[in-house]
$ cat start-v3.cif   # mmCIF, C-alpha atoms and all ligand atoms
data_entry
#
loop_
_atom_site.label_atom_id
_atom_site.label_comp_id
_atom_site.auth_asym_id
_atom_site.auth_seq_id
_atom_site.Cartn_x
_atom_site.Cartn_y
_atom_site.Cartn_z
CA MET G 1374 -40.60 -69.02 -6.37
CA SER G 1375 -41.76 -65.45 -6.30
CA ARG G 1376 -41.46 -63.27 -9.37
CA ARG G 1377 -38.70 -61.31 -7.61
CA THR G 1378 -36.70 -64.53 -6.89
CA ILE G 1379 -36.97 -65.55 -10.56
CA LEU G 1380 -35.75 -62.16 -11.78
CA ALA G 1381 -32.85 -62.23 -9.31
CA ALA G 1382 -31.86 -65.73 -10.44
CA ALA G 1383 -32.02 -64.69 -14.10
CA ALA G 1384 -29.86 -61.63 -13.44
CA ALA G 1385 -27.30 -63.74 -11.54
CA SER G 1386 -27.06 -66.32 -14.32
CA ALA G 1387 -26.75 -63.62 -16.98
CA ALA G 1388 -23.94 -62.02 -14.99
CA SER G 1389 -22.07 -65.31 -14.55
CA GLY G 1390 -22.58 -66.04 -18.24
CA ALA G 1391 -21.02 -62.72 -19.11
CA VAL G 1392 -18.02 -63.49 -16.91
CA ALA G 1393 -17.61 -66.99 -18.41
CA GLY G 1394 -18.03 -65.57 -21.93
CA SER G 1395 -15.32 -62.98 -21.49
CA ALA G 1396 -12.85 -65.67 -20.43
CA LYS G 1397 -12.49 -66.97 -24.03
CA ALA G 1398 -12.66 -65.27 -27.41
CA ALA G 1399 -15.94 -65.55 -29.32
CA ALA G 1400 -15.64 -67.14 -32.79
CA PRO G 1401 -15.74 -64.33 -35.34
CA ALA G 1402 -18.62 -64.33 -37.80
CA ALA G 1403 -17.56 -65.55 -41.26
CA GLY G 1404 -19.26 -62.55 -42.86
CA ARG G 1405 -19.47 -64.19 -46.24
CA GLN G 1406 -21.41 -67.02 -47.90
CA ALA G 1407 -20.08 -70.59 -48.02
CA PRO G 1408 -19.22 -72.05 -51.47
CA GLY G 1409 -22.24 -72.34 -53.76
CA VAL G 1410 -22.01 -75.72 -55.45
CA TYR G 1411 -24.79 -78.26 -56.07
CA ARG G 1412 -24.70 -81.48 -58.03
CA TYR G 1413 -27.43 -83.54 -59.71
CA ASN G 1414 -27.80 -86.15 -62.41
CA VAL G 1415 -29.70 -86.03 -65.69
CA GLY G 1416 -29.59 -89.60 -66.98
CA SER G 1417 -25.88 -90.40 -67.15
CA PHE G 1418 -24.91 -86.71 -67.32
CA GLU G 1419 -23.62 -85.13 -64.12
CA VAL G 1420 -24.60 -81.48 -63.68
CA THR G 1421 -22.78 -79.15 -61.29
CA ALA G 1422 -24.56 -75.88 -60.53
CA LEU G 1423 -22.17 -73.08 -59.53
CA THR G 1424 -23.34 -69.75 -58.23
CA ASP G 1425 -21.67 -66.66 -59.63
CA GLY G 1426 -23.34 -64.54 -56.94
CA VAL G 1427 -26.12 -61.97 -57.06
CA ALA G 1428 -26.79 -58.41 -58.15
CA ARG G 1429 -29.28 -56.44 -56.08
CA ARG G 1430 -31.07 -53.98 -58.29
CA PRO G 1431 -32.91 -51.07 -56.65
CA LEU G 1432 -36.58 -51.47 -57.54
CA ASP G 1433 -38.12 -48.62 -59.47
CA GLY G 1434 -40.96 -48.21 -61.92
CA SER G 1435 -38.74 -49.09 -64.89
CA PHE G 1436 -37.94 -52.66 -63.80
CA VAL G 1437 -41.26 -54.15 -64.94
CA ARG G 1438 -42.34 -52.03 -67.87
CA ASN G 1439 -46.02 -52.95 -67.92
CA ALA G 1440 -46.96 -53.33 -64.23
CA PRO G 1441 -47.31 -50.74 -61.44
CA VAL G 1442 -44.37 -50.83 -59.02
CA GLU G 1443 -46.84 -51.49 -56.17
CA ASP G 1444 -47.79 -54.80 -57.84
CA VAL G 1445 -44.13 -55.75 -58.16
CA LYS G 1446 -43.58 -54.95 -54.47
CA GLU G 1447 -46.58 -57.10 -53.56
CA ALA G 1448 -45.17 -60.04 -55.54
CA LEU G 1449 -41.82 -59.66 -53.75
CA GLU G 1450 -43.62 -59.53 -50.39
CA GLN G 1451 -45.56 -62.70 -51.22
CA ALA G 1452 -42.20 -64.40 -51.82
CA PHE G 1453 -40.86 -63.05 -48.48
CA LEU G 1454 -38.27 -60.93 -50.30
CA GLY G 1455 -37.40 -57.32 -49.52
CA THR G 1456 -39.22 -54.71 -51.57
CA GLU G 1457 -36.44 -52.13 -51.95
CA LYS G 1458 -34.12 -54.22 -54.12
CA VAL G 1459 -34.72 -57.11 -56.51
CA PRO G 1460 -32.23 -59.96 -56.10
CA ILE G 1461 -30.90 -61.16 -59.44
CA PRO G 1462 -28.91 -64.35 -58.84
CA PHE G 1463 -26.57 -65.86 -61.43
CA THR G 1464 -26.02 -69.61 -61.74
CA CYS G 1465 -23.84 -71.34 -64.32
CA VAL G 1466 -23.87 -75.09 -64.86
CA VAL G 1467 -21.10 -77.48 -65.79
CA VAL G 1468 -22.33 -80.62 -67.55
CA ASN G 1469 -20.14 -83.70 -67.61
CA THR G 1470 -21.56 -85.67 -70.54
CA GLY G 1471 -19.09 -88.50 -70.06
CA GLY G 1472 -17.32 -87.39 -73.23
CA ARG G 1473 -16.96 -83.67 -72.64
CA LEU G 1474 -17.02 -81.10 -69.87
CA VAL G 1475 -19.42 -78.34 -70.94
CA LEU G 1476 -19.88 -74.99 -69.17
CA ILE G 1477 -23.18 -73.27 -69.98
CA ASP G 1478 -22.84 -69.48 -69.71
CA ALA G 1479 -19.77 -67.90 -68.18
CA GLY G 1480 -20.92 -65.61 -65.36
CA THR G 1481 -20.27 -61.93 -64.76
CA GLY G 1482 -16.50 -62.14 -64.40
CA GLY G 1483 -16.76 -59.69 -61.49
CA PHE G 1484 -17.64 -56.84 -63.83
CA LEU G 1485 -21.27 -56.27 -62.87
CA ALA G 1486 -21.67 -56.25 -59.09
CA PRO G 1487 -19.36 -56.54 -56.07
CA THR G 1488 -21.53 -59.45 -54.87
CA ALA G 1489 -21.02 -61.42 -58.10
CA GLY G 1490 -18.07 -62.91 -59.95
CA GLN G 1491 -17.84 -65.98 -57.72
CA LEU G 1492 -17.87 -68.55 -60.54
CA TYR G 1493 -14.12 -69.19 -60.52
CA GLU G 1494 -13.82 -69.78 -56.78
CA ASN G 1495 -16.92 -71.99 -56.75
CA MET G 1496 -15.46 -73.96 -59.64
CA ALA G 1497 -12.35 -74.52 -57.52
CA ALA G 1498 -14.54 -75.54 -54.57
CA ALA G 1499 -16.27 -78.07 -56.85
CA GLY G 1500 -12.94 -79.49 -58.02
CA VAL G 1501 -13.49 -78.36 -61.62
CA ASP G 1502 -10.34 -77.12 -63.37
CA PRO G 1503 -11.08 -74.23 -65.78
CA LYS G 1504 -8.42 -75.72 -68.10
CA ALA G 1505 -10.45 -78.95 -68.26
CA ILE G 1506 -13.55 -77.25 -69.71
CA ASP G 1507 -13.90 -78.58 -73.30
CA VAL G 1508 -16.83 -76.43 -74.42
CA VAL G 1509 -18.45 -73.18 -73.29
CA LEU G 1510 -22.00 -72.87 -74.61
CA ILE G 1511 -23.42 -69.35 -74.58
CA SER G 1512 -27.18 -68.70 -74.41
CA HIS G 1513 -27.05 -65.04 -75.42
CA PHE G 1514 -24.72 -62.05 -75.38
CA HIS G 1515 -25.89 -60.03 -72.35
CA PRO G 1516 -22.87 -59.16 -70.16
CA ASP G 1517 -23.95 -61.31 -67.19
CA HIS G 1518 -23.64 -64.40 -69.43
CA ILE G 1519 -20.42 -63.66 -71.34
CA ALA G 1520 -18.22 -61.30 -69.29
CA GLY G 1521 -16.70 -64.22 -67.36
CA LEU G 1522 -15.24 -65.72 -70.55
CA ARG G 1523 -12.29 -63.37 -70.11
CA LEU G 1524 -10.47 -62.55 -66.87
CA LYS G 1525 -9.90 -58.93 -65.87
CA ASP G 1526 -6.37 -59.06 -67.33
CA GLY G 1527 -7.88 -60.04 -70.68
CA THR G 1528 -6.77 -63.67 -70.76
CA ALA G 1529 -9.24 -66.44 -71.59
CA ALA G 1530 -10.77 -67.87 -68.41
CA PHE G 1531 -11.28 -71.30 -70.04
CA PRO G 1532 -8.20 -71.48 -72.26
CA ASN G 1533 -8.78 -74.93 -73.76
CA ALA G 1534 -12.51 -74.59 -74.40
CA GLU G 1535 -14.25 -74.33 -77.72
CA VAL G 1536 -16.67 -71.40 -77.41
CA MET G 1537 -20.03 -71.97 -79.12
CA VAL G 1538 -22.59 -69.22 -79.59
CA PRO G 1539 -25.99 -68.82 -81.26
CA GLU G 1540 -25.51 -67.68 -84.85
CA ALA G 1541 -28.28 -65.07 -84.51
CA GLU G 1542 -26.64 -63.53 -81.43
CA TRP G 1543 -23.35 -63.21 -83.24
CA ALA G 1544 -25.03 -61.65 -86.27
CA PHE G 1545 -26.83 -59.03 -84.16
CA TRP G 1546 -24.25 -58.02 -81.55
CA MET G 1547 -21.15 -58.08 -83.75
CA ASP G 1548 -22.83 -55.83 -86.32
CA ASP G 1549 -21.37 -52.32 -85.99
CA GLY G 1550 -24.49 -50.88 -87.63
CA GLN G 1551 -26.67 -52.35 -84.89
CA MET G 1552 -24.30 -50.91 -82.31
CA SER G 1553 -24.39 -47.42 -83.79
CA ARG G 1554 -28.21 -47.45 -84.00
CA ALA G 1555 -28.72 -48.91 -80.50
CA HIS G 1556 -29.92 -46.90 -77.50
CA ALA G 1557 -27.26 -45.46 -75.20
CA ALA G 1558 -28.33 -47.90 -72.48
CA LEU G 1559 -27.22 -50.81 -74.69
CA GLN G 1560 -23.76 -49.45 -75.54
CA PRO G 1561 -21.97 -51.08 -72.56
CA ALA G 1562 -23.40 -54.45 -73.63
CA PHE G 1563 -22.12 -53.98 -77.21
CA LYS G 1564 -18.71 -52.97 -75.81
CA MET G 1565 -18.54 -56.05 -73.58
CA VAL G 1566 -19.35 -58.27 -76.58
CA ARG G 1567 -16.37 -56.78 -78.39
CA ARG G 1568 -14.05 -57.08 -75.39
CA VAL G 1569 -14.90 -60.76 -75.02
CA PHE G 1570 -15.15 -61.94 -78.62
CA GLU G 1571 -12.85 -59.79 -80.74
CA PRO G 1572 -9.70 -61.64 -79.61
CA MET G 1573 -11.29 -64.97 -80.61
CA THR G 1574 -13.29 -64.01 -83.69
CA LYS G 1575 -11.81 -66.83 -85.77
CA GLU G 1576 -12.17 -69.57 -83.17
CA VAL G 1577 -15.76 -68.98 -82.05
CA ARG G 1578 -18.15 -71.58 -83.42
CA LYS G 1579 -21.67 -70.45 -84.27
CA PHE G 1580 -24.57 -72.88 -84.14
CA GLU G 1581 -27.91 -72.74 -85.92
CA ARG G 1582 -31.34 -72.40 -84.28
CA ASP G 1583 -32.13 -76.08 -83.76
CA ALA G 1584 -28.60 -77.46 -83.73
CA GLU G 1585 -27.07 -79.96 -81.32
CA PRO G 1586 -23.90 -78.00 -80.52
CA THR G 1587 -22.49 -80.88 -78.52
CA SER G 1588 -23.71 -84.45 -78.14
CA GLY G 1589 -26.81 -84.64 -75.90
CA ILE G 1590 -27.36 -80.86 -75.73
CA THR G 1591 -29.82 -79.35 -78.22
CA ALA G 1592 -30.51 -75.67 -78.84
CA LEU G 1593 -34.07 -74.45 -78.27
CA PRO G 1594 -34.66 -71.09 -79.96
CA ALA G 1595 -36.19 -68.74 -77.36
CA PRO G 1596 -36.08 -65.28 -78.97
CA GLY G 1597 -37.34 -62.01 -77.52
CA HIS G 1598 -35.10 -61.48 -74.51
CA THR G 1599 -32.44 -60.92 -77.18
CA PRO G 1600 -32.71 -61.62 -80.94
CA GLY G 1601 -30.94 -64.99 -80.76
CA HIS G 1602 -31.64 -65.90 -77.14
CA THR G 1603 -31.37 -69.68 -76.78
CA ALA G 1604 -32.42 -72.25 -74.19
CA PHE G 1605 -31.01 -75.79 -74.25
CA ARG G 1606 -32.35 -79.29 -73.74
CA LEU G 1607 -30.09 -81.87 -72.14
CA SER G 1608 -31.09 -85.43 -72.97
CA SER G 1609 -29.45 -88.54 -71.58
CA ASP G 1610 -30.79 -92.06 -71.05
CA GLY G 1611 -34.42 -90.95 -71.30
CA ALA G 1612 -34.00 -88.07 -68.82
CA ASP G 1613 -34.19 -84.40 -69.77
CA LEU G 1614 -33.35 -81.00 -68.33
CA ILE G 1615 -34.30 -77.65 -69.82
CA ILE G 1616 -31.62 -75.00 -69.44
CA TRP G 1617 -33.94 -72.02 -69.17
CA SER G 1618 -31.40 -69.21 -69.72
CA ASP G 1619 -33.40 -65.92 -69.41
CA VAL G 1620 -36.83 -67.13 -70.54
CA THR G 1621 -37.83 -65.64 -67.19
CA ASN G 1622 -35.81 -63.58 -64.76
CA HIS G 1623 -36.53 -64.12 -61.04
CA PRO G 1624 -39.32 -66.71 -60.80
CA ALA G 1625 -41.10 -64.94 -57.91
CA LEU G 1626 -41.89 -62.19 -60.39
CA PHE G 1627 -41.89 -63.59 -63.91
CA VAL G 1628 -42.95 -67.23 -63.50
CA ARG G 1629 -45.77 -65.98 -61.28
CA ASN G 1630 -46.58 -63.27 -63.85
CA PRO G 1631 -45.62 -64.44 -67.35
CA GLY G 1632 -47.23 -61.33 -68.85
CA TRP G 1633 -44.82 -58.98 -67.07
CA HIS G 1634 -42.12 -57.42 -69.24
CA ALA G 1635 -38.72 -57.11 -67.55
CA VAL G 1636 -36.59 -54.15 -68.56
CA PHE G 1637 -33.99 -56.58 -69.97
CA ASP G 1638 -36.31 -58.08 -72.62
CA MET G 1639 -35.32 -56.44 -75.91
CA ASP G 1640 -38.49 -57.44 -77.79
CA ALA G 1641 -41.01 -57.65 -74.97
CA GLU G 1642 -43.94 -59.05 -76.97
CA LEU G 1643 -41.85 -61.80 -78.53
CA ALA G 1644 -40.22 -62.57 -75.16
CA GLU G 1645 -43.67 -62.97 -73.60
CA ALA G 1646 -44.80 -65.32 -76.37
CA THR G 1647 -41.63 -67.40 -75.89
CA ARG G 1648 -42.11 -67.38 -72.10
CA ARG G 1649 -45.72 -68.60 -72.30
CA ARG G 1650 -44.82 -71.31 -74.84
CA MET G 1651 -41.89 -72.57 -72.73
CA LEU G 1652 -43.81 -72.42 -69.42
CA ASP G 1653 -46.59 -74.45 -70.99
CA LEU G 1654 -44.11 -77.01 -72.35
CA VAL G 1655 -42.22 -77.63 -69.10
CA ALA G 1656 -45.37 -77.62 -66.93
CA ALA G 1657 -47.26 -80.03 -69.22
CA ASP G 1658 -44.29 -82.40 -69.62
CA ARG G 1659 -43.15 -82.04 -65.98
CA LEU G 1660 -39.63 -81.29 -67.19
CA PRO G 1661 -37.02 -80.08 -64.70
CA VAL G 1662 -35.70 -76.59 -65.41
CA ALA G 1663 -32.38 -74.92 -64.57
CA GLY G 1664 -32.80 -71.13 -64.62
CA TYR G 1665 -29.84 -68.76 -64.80
CA HIS G 1666 -31.65 -66.21 -62.61
CA PHE G 1667 -33.40 -68.68 -60.28
CA PRO G 1668 -32.36 -68.76 -56.61
CA PHE G 1669 -29.58 -71.29 -55.98
CA PRO G 1670 -29.29 -74.19 -56.75
CA ALA G 1671 -31.48 -72.81 -59.52
CA VAL G 1672 -33.19 -76.05 -60.51
CA GLY G 1673 -36.75 -77.30 -60.03
CA HIS G 1674 -40.09 -77.63 -61.76
CA ILE G 1675 -42.78 -75.30 -63.03
CA ALA G 1676 -46.33 -76.00 -61.82
CA ARG G 1677 -49.43 -74.51 -63.35
CA ARG G 1678 -51.47 -72.45 -60.84
CA GLY G 1679 -54.71 -71.35 -62.47
CA THR G 1680 -53.77 -69.13 -65.39
CA ASN G 1681 -50.26 -68.49 -64.03
CA TYR G 1682 -47.36 -70.64 -62.86
CA GLU G 1683 -45.19 -71.27 -59.83
CA PHE G 1684 -41.55 -72.36 -59.55
CA VAL G 1685 -41.14 -75.36 -57.23
CA PRO G 1686 -37.45 -75.54 -56.28
CA GLU G 1687 -35.73 -78.90 -56.07
CA MET G 1688 -35.22 -80.00 -52.48
CA TRP G 1689 -31.55 -80.30 -51.55
CA ASN G 1690 -30.44 -83.85 -52.21
CA PRO G 1691 -27.58 -84.81 -49.86
CA ALA G 1692 -26.57 -87.89 -51.89
CA LEU G 1693 -26.51 -88.64 -55.62
ZN ZN G 1701 -29.25 -62.73 -67.71
#
$ encode --input "start-v3.cif" --output "structure tokens" --more "lines below"
Ligand SMILES: [Zn+2]
Amino acid sequence: MSRRTILAAAAASAASGAVAGSAKAAAPAAGRQAPGVYRYNVGSFEVTALTDGVARRPLDGSFVRNAPVEDVKEALEQAFLGTEKVPIPFTCVVVNTGGRLVLIDAGTGGFLAPTAGQLYENMAAAGVDPKAIDVVLISHFHPDHIAGLRLKDGTAAFPNAEVMVPEAEWAFWMDDGQMSRAHAALQPAFKMVRRVFEPMTKEVRKFERDAEPTSGITALPAPGHTPGHTAFRLSSDGADLIIWSDVTNHPALFVRNPGWHAVFDMDAELAEATRRRMLDLVAADRLPVAGYHFPFPAVGHIARRGTNYEFVPEMWNPAL
């Protein structure tokens, strides 16, 4: 066949394809993500990871306080992410301990970004009834972790749950003196704390630094990000999972660069010390980690790479 014959044949087949294609309607694009639900076991505990969505924060020099924005862009590029906006995913977990159904952190409630607030619909997709949640464990009082405790009409999203919070978080955020002295940028966070907790002041249960708020789930003090910021350790039948909370934000930036200070860390030096201690612990003990701001399904391991670390995501497991 000559080149001209090939081109003619291609044009003819494209034309006939166009005619055939116009004979029936094309399927419309869904235009939205499928439900974000992922399940895994920790000993006899069943964990269900539920995405609440993502916020995309325009990258500027303020995001990492102690690194040039060019270095942050390079780290995003190395992770094949865009360099204009930093993706900040949110993932809550529901732990079925056999005795109780425990939700750890409550999502954004749709208050923070139009692309977040998906927890409730993903819970429905997972077959988890919000009324069946026995306990909500809160890691810290930043709005992306507590706003979802209350629906937009003000009613409790998990009406039968006992809400348990770190004592030190309660002491700091509920203190009106702290609120009045805090920077303007923190005022919305203080206001959200009041919106969520004031109607349930009497019912909220506060737990101490090293407490076991519910059987098989132990608090791990991880201060710095906020004064009472808490990670958790799930232990069941000799298996463990570290619930990382905000020890690091996105792993492509802050697991790779534990010395970087994210704008959200309230005491940056203390947060870095906590981050290095926790990274060392989970890498040395090969413990699986579930990170609130890790990409979905937000679970995997931390591997040491020279003086830094790398997040190795769990590979999707199609069967339990
Ligand atoms: Zn957070």
$ closest_residue --input "start-v3.cif" --among "G:Val1459, G:Ala1399, G:Val1466, G:Leu1559" --to "G:Val1445" --atoms "all atoms listed in the file"
G:Val1459
$ closest_atom_pairs --input "start-v3.cif" --of "stretch 1575-1662 of chain G" --to "stretch 1404-1417 of chain G" --cutoff "7 Å" --atoms "only C-alpha atoms" --output "Markdown table"
| residue | atom | partner | partner_atom | distance |
| --- | --- | --- | --- | --- |
| G:Ser1609 | CA | G:Gly1416 | CA | 4.7 |
| G:Asp1610 | CA | G:Gly1416 | CA | 4.9 |
| G:Gly1611 | CA | G:Gly1416 | CA | 6.6 |
| G:Ala1612 | CA | G:Gly1416 | CA | 5.0 |
| G:Asp1613 | CA | G:Val1415 | CA | 6.3 |
| G:Leu1614 | CA | G:Val1415 | CA | 6.8 |
$ closest_atom_pairs --input "start-v3.cif" --of "chain G" --to "ligand ZN 1701 (chain G)" --cutoff "7 Å" --atoms "only C-alpha atoms and all ligand atoms" --output "Markdown table"
| residue | atom | partner | partner_atom | distance |
| --- | --- | --- | --- | --- |
| G:His1515 | CA | G:ZN1701 | ZN | 6.3 |
| G:Asp1517 | CA | G:ZN1701 | ZN | 5.5 |
| G:His1518 | CA | G:ZN1701 | ZN | 6.1 |
| G:Asp1619 | CA | G:ZN1701 | ZN | 5.5 |
| G:Tyr1665 | CA | G:ZN1701 | ZN | 6.7 |
| G:His1666 | CA | G:ZN1701 | ZN | 6.6 |
$ atom_distance --input "start-v3.cif" --atom1 "atom CA of G:Ala1534" --atom2 "atom CA of G:Asn1622"
27.5 Å
$ closest_atom_pairs --input "start-v3.cif" --of "stretch 1448-1474 of chain G" --to "stretch 1625-1649 of chain G" --cutoff "9 Å" --atoms "all atoms listed in the file" --output "CSV"
residue,atom,partner,partner_atom,distance
G:Ala1448,CA,G:Leu1626,CA,6.2
G:Leu1449,CA,G:Ala1625,CA,6.8
G:Gln1451,CA,G:Ala1625,CA,8.3
G:Ala1452,CA,G:Ala1625,CA,6.2
$ atom_distance --input "start-v3.cif" --atom1 "atom CA of G:Asp1478" --atom2 "atom CA of G:Asp1425"
10.5 Å
$ atom_distance --input "start-v3.cif" --atom1 "atom CA of G:Phe1545" --atom2 "atom CA of G:Phe1514"
9.5 Å
$ closest_atom_pairs --input "start-v3.cif" --of "stretch 1542-1643 of chain G" --to "stretch 1480-1499 of chain G" --cutoff "12 Å" --atoms "all atoms listed in the file" --output "CSV"
residue,atom,partner,partner_atom,distance
G:Pro1561,CA,G:Leu1485,CA,11.0
G:Ala1562,CA,G:Leu1485,CA,11.1
G:Met1565,CA,G:Phe1484,CA,9.8
G:Val1569,CA,G:Gly1482,CA,10.8
G:Ser1618,CA,G:Gly1480,CA,11.9
$ residues_around --input "start-v3.cif" --residues "G:Pro1431" --least-positions-apart "6" --cutoff "12 Å" --atoms "all atoms listed in the file" --output "mmCIF file with C-alpha atoms, in the coordinates of the input"
data_model
loop_
_atom_site.group_PDB
_atom_site.id
_atom_site.type_symbol
_atom_site.label_atom_id
_atom_site.label_comp_id
_atom_site.auth_asym_id
_atom_site.auth_seq_id
_atom_site.Cartn_x
_atom_site.Cartn_y
_atom_site.Cartn_z
ATOM 1 C CA VAL G 1442 -44.370 -50.830 -59.020
ATOM 2 C CA LYS G 1446 -43.580 -54.950 -54.470
ATOM 3 C CA GLY G 1455 -37.400 -57.320 -49.520
ATOM 4 C CA THR G 1456 -39.220 -54.710 -51.570
ATOM 5 C CA GLU G 1457 -36.440 -52.130 -51.950
ATOM 6 C CA LYS G 1458 -34.120 -54.220 -54.120
ATOM 7 C CA VAL G 1459 -34.720 -57.110 -56.510
ATOM 8 C CA PRO G 1460 -32.230 -59.960 -56.100
ATOM 9 C CA ILE G 1461 -30.900 -61.160 -59.440
#
$ residues_around --input "start-v3.cif" --residues "G:Gly1673" --least-positions-apart "3" --cutoff "8 Å" --atoms "all atoms listed in the file" --output "JSON, numbers by chain"
{"G": [1661, 1662, 1663, 1684, 1685, 1686, 1687]}
$ residues_near_point --input "start-v3.cif" --point "(-36.9, -67.9, -73.2)" --cutoff "8 Å" --atoms "only C-alpha atoms" --output "PyMOL selection string"
chain G and resi 1594-1598+1602-1604+1617-1621+1644+1647-1648+1651
$ write_last_selection --input "start-v3.cif" --atoms "C-alpha atoms" --output "compact mmCIF listing (two decimals), in the coordinates of the input"
# COMPACT_ATOMS: atom_id res chain seq x y z
CA PRO G 1594 -34.66 -71.09 -79.96
CA ALA G 1595 -36.19 -68.74 -77.36
CA PRO G 1596 -36.08 -65.28 -78.97
CA GLY G 1597 -37.34 -62.01 -77.52
CA HIS G 1598 -35.10 -61.48 -74.51
CA HIS G 1602 -31.64 -65.90 -77.14
CA THR G 1603 -31.37 -69.68 -76.78
CA ALA G 1604 -32.42 -72.25 -74.19
CA TRP G 1617 -33.94 -72.02 -69.17
CA SER G 1618 -31.40 -69.21 -69.72
CA ASP G 1619 -33.40 -65.92 -69.41
CA VAL G 1620 -36.83 -67.13 -70.54
CA THR G 1621 -37.83 -65.64 -67.19
CA ALA G 1644 -40.22 -62.57 -75.16
CA THR G 1647 -41.63 -67.40 -75.89
CA ARG G 1648 -42.11 -67.38 -72.10
CA MET G 1651 -41.89 -72.57 -72.73
$ decode --input "start-v3.cif" --residues "stretch 1454-1472 of chain G" --atoms "N, CA and C atoms" --output "short mmCIF file (atom, residue, chain, number, x, y, z; two decimals), in the first residue's frame"
data_model
loop_
_atom_site.label_atom_id
_atom_site.label_comp_id
_atom_site.auth_asym_id
_atom_site.auth_seq_id
_atom_site.Cartn_x
_atom_site.Cartn_y
_atom_site.Cartn_z
N LEU G 1454 2.94 15.48 41.25
CA LEU G 1454 1.77 16.30 41.61
C LEU G 1454 1.94 17.67 40.96
N GLY G 1455 0.82 18.37 40.77
CA GLY G 1455 0.90 19.73 40.24
C GLY G 1455 1.61 20.64 41.21
N THR G 1456 2.16 21.74 40.71
CA THR G 1456 2.93 22.62 41.59
C THR G 1456 2.19 23.91 41.95
N GLU G 1457 0.99 24.08 41.39
CA GLU G 1457 0.24 25.31 41.71
C GLU G 1457 -0.54 25.17 43.02
N LYS G 1458 -1.08 23.97 43.23
CA LYS G 1458 -1.91 23.74 44.42
C LYS G 1458 -1.45 22.48 45.14
N VAL G 1459 -1.49 22.52 46.45
CA VAL G 1459 -1.13 21.34 47.26
C VAL G 1459 -2.42 20.59 47.59
N PRO G 1460 -2.51 19.30 47.23
CA PRO G 1460 -3.70 18.55 47.61
C PRO G 1460 -3.62 18.17 49.09
N ILE G 1461 -4.69 18.43 49.82
CA ILE G 1461 -4.74 18.03 51.23
C ILE G 1461 -5.95 17.12 51.41
N PRO G 1462 -5.70 15.80 51.28
CA PRO G 1462 -6.82 14.86 51.42
C PRO G 1462 -7.19 14.67 52.88
N PHE G 1463 -8.44 14.23 53.10
CA PHE G 1463 -8.94 13.94 54.44
C PHE G 1463 -9.48 12.51 54.46
N THR G 1464 -9.01 11.70 55.39
CA THR G 1464 -9.52 10.33 55.50
C THR G 1464 -9.82 9.98 56.95
N CYS G 1465 -11.08 9.66 57.22
CA CYS G 1465 -11.48 9.19 58.55
C CYS G 1465 -11.46 7.66 58.54
N VAL G 1466 -11.34 7.07 59.72
CA VAL G 1466 -11.46 5.61 59.79
C VAL G 1466 -12.55 5.24 60.79
N VAL G 1467 -13.25 4.16 60.46
CA VAL G 1467 -14.17 3.53 61.40
C VAL G 1467 -13.55 2.20 61.81
N VAL G 1468 -13.43 1.98 63.11
CA VAL G 1468 -12.84 0.74 63.61
C VAL G 1468 -13.94 -0.07 64.28
N ASN G 1469 -14.14 -1.27 63.78
CA ASN G 1469 -15.06 -2.19 64.44
C ASN G 1469 -14.21 -3.11 65.33
N THR G 1470 -14.27 -2.87 66.64
CA THR G 1470 -13.41 -3.62 67.56
C THR G 1470 -14.04 -4.97 67.93
N GLY G 1471 -15.22 -5.24 67.42
CA GLY G 1471 -15.96 -6.41 67.84
C GLY G 1471 -16.95 -6.03 68.92
N GLY G 1472 -16.51 -5.15 69.83
CA GLY G 1472 -17.41 -4.67 70.88
C GLY G 1472 -18.04 -3.33 70.55
#
